[in-house]
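Engineer: This is the structure I have questions about; it appears just below.
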Amino acid sequence: MTLHLPKRLAIVLVVLLAALALFPLWGKLVFAAKFAFLMQKLTGIMILAILAMSLDLLVGVAGLVSLGHAAFFGLGGYVLAMMSPQYEAANLWVVLPAALAVCALASLVVGYLSIRTSGIYFIMVTLAFGQMGYYFFNDSKAAGGSDGAYIYVKPTVEAFGITVLDLEQKLTFFYVALGVLVGVYALLRMLLASPFGRVLGAIGVNEYRVQGLGFNPMVYKLVAFTIAGTLAGLGGFLAATQYGFVSPAMLGWHQSGHVLVMVILGGMGTLFGPVLGAFILELAHFAFESMTDHWLLPMGAMVIAIVLLLPKGVAGLLLQWSKGKGAGE
Amino acid sequence: MSQSDFILETKELTKVFGGLVANSAVSIGFKEREAHAIIGPNGAGKSTFVNLLTGHLPPSGGQILFKGANIAGLAAHKVTRLGIGRSYQKTNIFPSFSCFENCRLAAQSRLASSMKFFRSASSYKAVSEQAEHALEAAGLTGRSGRVAGTMSYGEQRQLEIAMVLATAPQVLVLDEPLAGMGKEESEHMVGLLRDLARRYTLILVEHDMDAVFAIAQTLSVMVNGTLLESGPLDQIRSSKAVQDAYLGDGAEAY
Amino acid sequence: MDVWFFLIQLLNGVQYGLLLFLVASGLTLIFGIMGIINLAHGAFYMLGAYLAWWLAGLTGSLVAAVVLSLPLAALVGYVIEALLVRTLYKRDHLDQVLLTYGLILIFNEAQRILWGNDVHGIAMPTAVNWSVRLTETLSYPVYRVILSGICAALAVVMYVVIAKTRFGMWVRAGASNRDMVAALGINVKLLFGVVFAVGAALAGLAGAISTPISSVAPGMGDTVLILCFVVVVIGGVGSVKGAFLGAMLIGLADTFGKVFVPDFASFTVYGVMAAVLLWKPRGLFA
């Protein structure tokens, strides 16, 4: 768990964030024909980064390796799809709280049942619950079954009858995603520094000792699981809004594994690491795909190389660099 | 001796693992502000007894009275909140955290609730002060910034004690605080424990007899899961039964 | 419900369970002895199936193809252990998950490069392409009986090797206490390499012999992998006995789930697992 960012690193991250925020300006000049596609791509990556950060709270901070986290991501999306009228816009102030509430409740129940186990058993129980969610939507006809469901009109964001944000606008939605990304990062940073976050981080290091100090680890894990599940639902809600489509694959173990890879690859417990992981993995995917049909090959090689060469992920490398030479742990 | 003399007392405390009786009807009373050592050969059931006292194991039978209330079967985190703090035989700290953060976290456990999400934990002044005091009392002043895992073994054992102190306990249960220490480190720790014995009720499990005699006023001897004898230092020292069973030939085992 | 129909489903469930056991036993041993979570284990199942399909095309004989694919799968397993997995023994489980995830990607792509995206099937050899008639309308294909026989025979061989031989003693020692193996002066490198190779060979064999009754398709390894993880976790990680019981349970749950609750068929397997783990959080034999 990293509580304070070294100055050099903070500067690098702010520069990267600024580059991303200004992409609508410089991207048009550099990429011209591909600009629209890249805007969509980057928006999608930011949403995945939100999901990755929420998983980091579990994996990197509390030491709870969930392989079913995408289920809450998909659930958030499905709530939007189910609540949207067929050819009309839903009201964001209704559907968003509803999606978050459903995800909070679902993660509370799944968390309550899962945290009784630990280690590889926790990995597998969360996988099982994730797959149950996957098959629930895959087999249910009301939710479109394996074909998924469409959201034809994006929800409206109104205040006093005036449209505040038009989510149909690609540029607006890009900044909405960016805003949520930064907001969720700030929220999680605040959580990690709070008394709750300190206990959670300690559980990730030495759960037995935490109990010996007078904390009940189960309660903290359950709250963390619920917070992470709700934030994942927020990500899923955004993803469903962006693509206008939800499918069972959003909940499946491939998606969960994919996000877990982002977290580990980026650097667990650092929050910014998983965000970098999301960008690196997705952009590498995109780059390899445009080079060769057999893009999985370089992708797999890249993942293996990072495991072998960077045991603490990309964030570990950056942290070491920013602390300067000789500064170890 | 009337019952009210005891701050903590076990009555017929029993623990059975499968068919093995680890503690059999152990009744010991611990007086307030007294240093009470529990000794006995390996496998006598001392560790089990400590784990029962602190809620790390649920007893199979018997009672544990803390200030007259039965706390047997209470979970570990609840026992420590009542004011019974413990240290561990194997160093049990948060090695990646700073020395101070280890103590701060321990002190934080005395907040009514740590389910606080919005304020930075560092801004709770009383908690930080309590942690500072504990570090000072354990002789770790000036070490607060060090990453706990990089400190010397002796310092880590001191930190272990500091963490217990930071939880503001009334009773300290110390499970082999001298385990694995060198001569110099041991002497340092004995001095520290003697100092603590003036202010706290101390329950000490220890193999080092010199240390035990230097710190404790009362001794309980356990053999084969039962209490052999309990009493003032001199009484135990001269007890024939204890010498036969333990201090005599048993001591040669070390 | 017809008794014969029930019996056939029972046989199907047992046969599926036995097949899963072949793959899952390797997975559980690799975790128990080497402490490695091998996500790429399903890839060996896929490798076996593709090798069998490819070699059957070359040799014209399924038996020859199965026999040839066995050492090839073992060899691939051994090489991967020596080149990559070996570097992970001291690492965190998560690093293992990540590296073997990378391996899945490479395996899947290699399969696509070598053998393409098409779904293949192997024709049932005529010698075994007949069925045992049970009633007027119901019969049971003899190949499935043979398949179950091979798996059951291997399970027995595995039991004998583990329970009676010196190698088996090492395996048992390693599964119950990994540090003990090194302390006993056993050649750990060799033991690990052999266990990994045998695990790969068993998974490959399962893939190879199942080709006549199920299609050879991209992604087939992933499905089996997840099911085998379920099996291993139900049984208790590291326990071969547990893997056998877990495999039977999942084989039957899957088969009967499809018959009795077709709408929630895929649900049953995960439901069984969740139920077992809520009852025994560390599996049946741990």
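Residue numbers start at 1 in each chain; chains themselves are named A, B, ... in the order of the structure tokens; ligands are numbered from 1 in the order shown.
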Would you list the contacts of Gly179 of chain A as a list in words, taking every protein, DNA or RNA residue within 10 Å and counting only C-alpha atoms, but skipping same-chain residues closer than 5 positions in sequence?
Structural biologist: Ala21, Met46, Phe173, Phe174, Val184 and Tyr185 of chain A
Engineer: Near Val199 of chain A, within 9 Å and counting only C-alpha atoms, which residues show up once chain neighbours fewer than 5 positions away are dropped, as a PyMOL selection string?
Structural biologist: (chain A and resi 62+192+194+204+210+215+217+220) or (chain B and resi 105+108-109+114)
Engineer: Quick check: residues of chain A within 12 Å of chain B, only C-alpha atoms, returned as a count of residues only.
Structural biologist: 45
Engineer: Could you pull the residues within 10 Å of Met39 of chain A, counting only C-alpha atoms, minus those fewer than 2 positions along the same chain, as a PyMOL selection string?
Structural biologist: chain A and resi 23-24+27-28+34-37+41-45+170-171+173-174
Engineer: Restrict the selected residues to C-alpha atoms and save them as a short mmCIF file (atom, residue, chain, number, x, y, z; two decimals), in the first residue's frame.
Structural biologist:
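The result, stored in selection-v5.cif:
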```
data_model
loop_
_atom_site.label_atom_id
_atom_site.label_comp_id
_atom_site.auth_asym_id
_atom_site.auth_seq_id
_atom_site.Cartn_x
_atom_site.Cartn_y
_atom_site.Cartn_z
CA PHE A 23 -6.13 14.65 -26.09
CA PRO A 24 -9.24 16.07 -27.81
CA GLY A 27 -5.14 14.01 -30.88
CA LYS A 28 -7.04 15.53 -33.78
CA LYS A 34 -8.20 7.70 -36.47
CA PHE A 35 -9.11 10.43 -33.99
CA ALA A 36 -12.77 9.52 -33.48
CA PHE A 37 -11.88 5.90 -32.96
CA LYS A 41 -10.95 3.80 -27.24
CA LEU A 42 -9.53 6.10 -24.58
CA THR A 43 -12.96 6.61 -23.03
CA GLY A 44 -13.34 2.84 -22.82
CA ILE A 45 -9.89 2.48 -21.24
CA LYS A 170 -18.58 11.88 -27.55
CA LEU A 171 -16.50 14.77 -26.24
CA PHE A 173 -18.74 11.65 -22.40
CA PHE A 174 -14.94 11.57 -22.67
#
```
Engineer: Neighbours of Ala249 of chain A within 10 Å (only C-alpha atoms; same-chain residues fewer than 3 positions away dropped), as a PDB file with C-alpha atoms, in the first residue's frame?
Structural biologist:
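selection_14.pdb written:
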```pdb
ATOM      1  CA  ALA A  70     -16.386  -8.137 -13.294  1.00  0.00           C
ATOM      2  CA  ALA A  71     -19.756  -9.498 -12.176  1.00  0.00           C
ATOM      3  CA  GLY A  74     -21.710  -6.174 -15.654  1.00  0.00           C
ATOM      4  CA  TYR A 134     -22.639 -14.615 -15.926  1.00  0.00           C
ATOM      5  CA  TYR A 135     -24.997 -17.546 -16.412  1.00  0.00           C
ATOM      6  CA  PHE A 137     -27.866 -13.101 -17.471  1.00  0.00           C
ATOM      7  CA  ASN A 138     -26.818 -15.582 -20.139  1.00  0.00           C
ATOM      8  CA  SER A 146     -26.555 -14.579 -24.574  1.00  0.00           C
ATOM      9  CA  ASP A 147     -27.295 -11.858 -27.175  1.00  0.00           C
ATOM     10  CA  GLY A 148     -27.229  -9.163 -24.518  1.00  0.00           C
ATOM     11  CA  VAL A 246     -24.543  -4.955 -22.435  1.00  0.00           C
ATOM     12  CA  GLY A 252     -17.518 -13.382 -17.135  1.00  0.00           C
ATOM     13  CA  TRP A 253     -14.254 -14.663 -15.732  1.00  0.00           C
ATOM     14  CA  HIS A 254     -12.332 -13.530 -18.821  1.00  0.00           C
ATOM     15  CA  GLN A 255     -13.232  -9.958 -17.988  1.00  0.00           C
ATOM     16  CA  SER A 256     -12.391 -10.503 -14.302  1.00  0.00           C
TER      17      SER A 256
END
```
Engineer: Would you list the contacts of Leu114 of chain C as number ranges by chain, taking every protein, DNA or RNA residue within 12 Å and counting only C-alpha atoms, but skipping same-chain residues closer than 5 positions in sequence?
Structural biologist: A: 294; C: 47, 50-51, 54, 106-109, 218
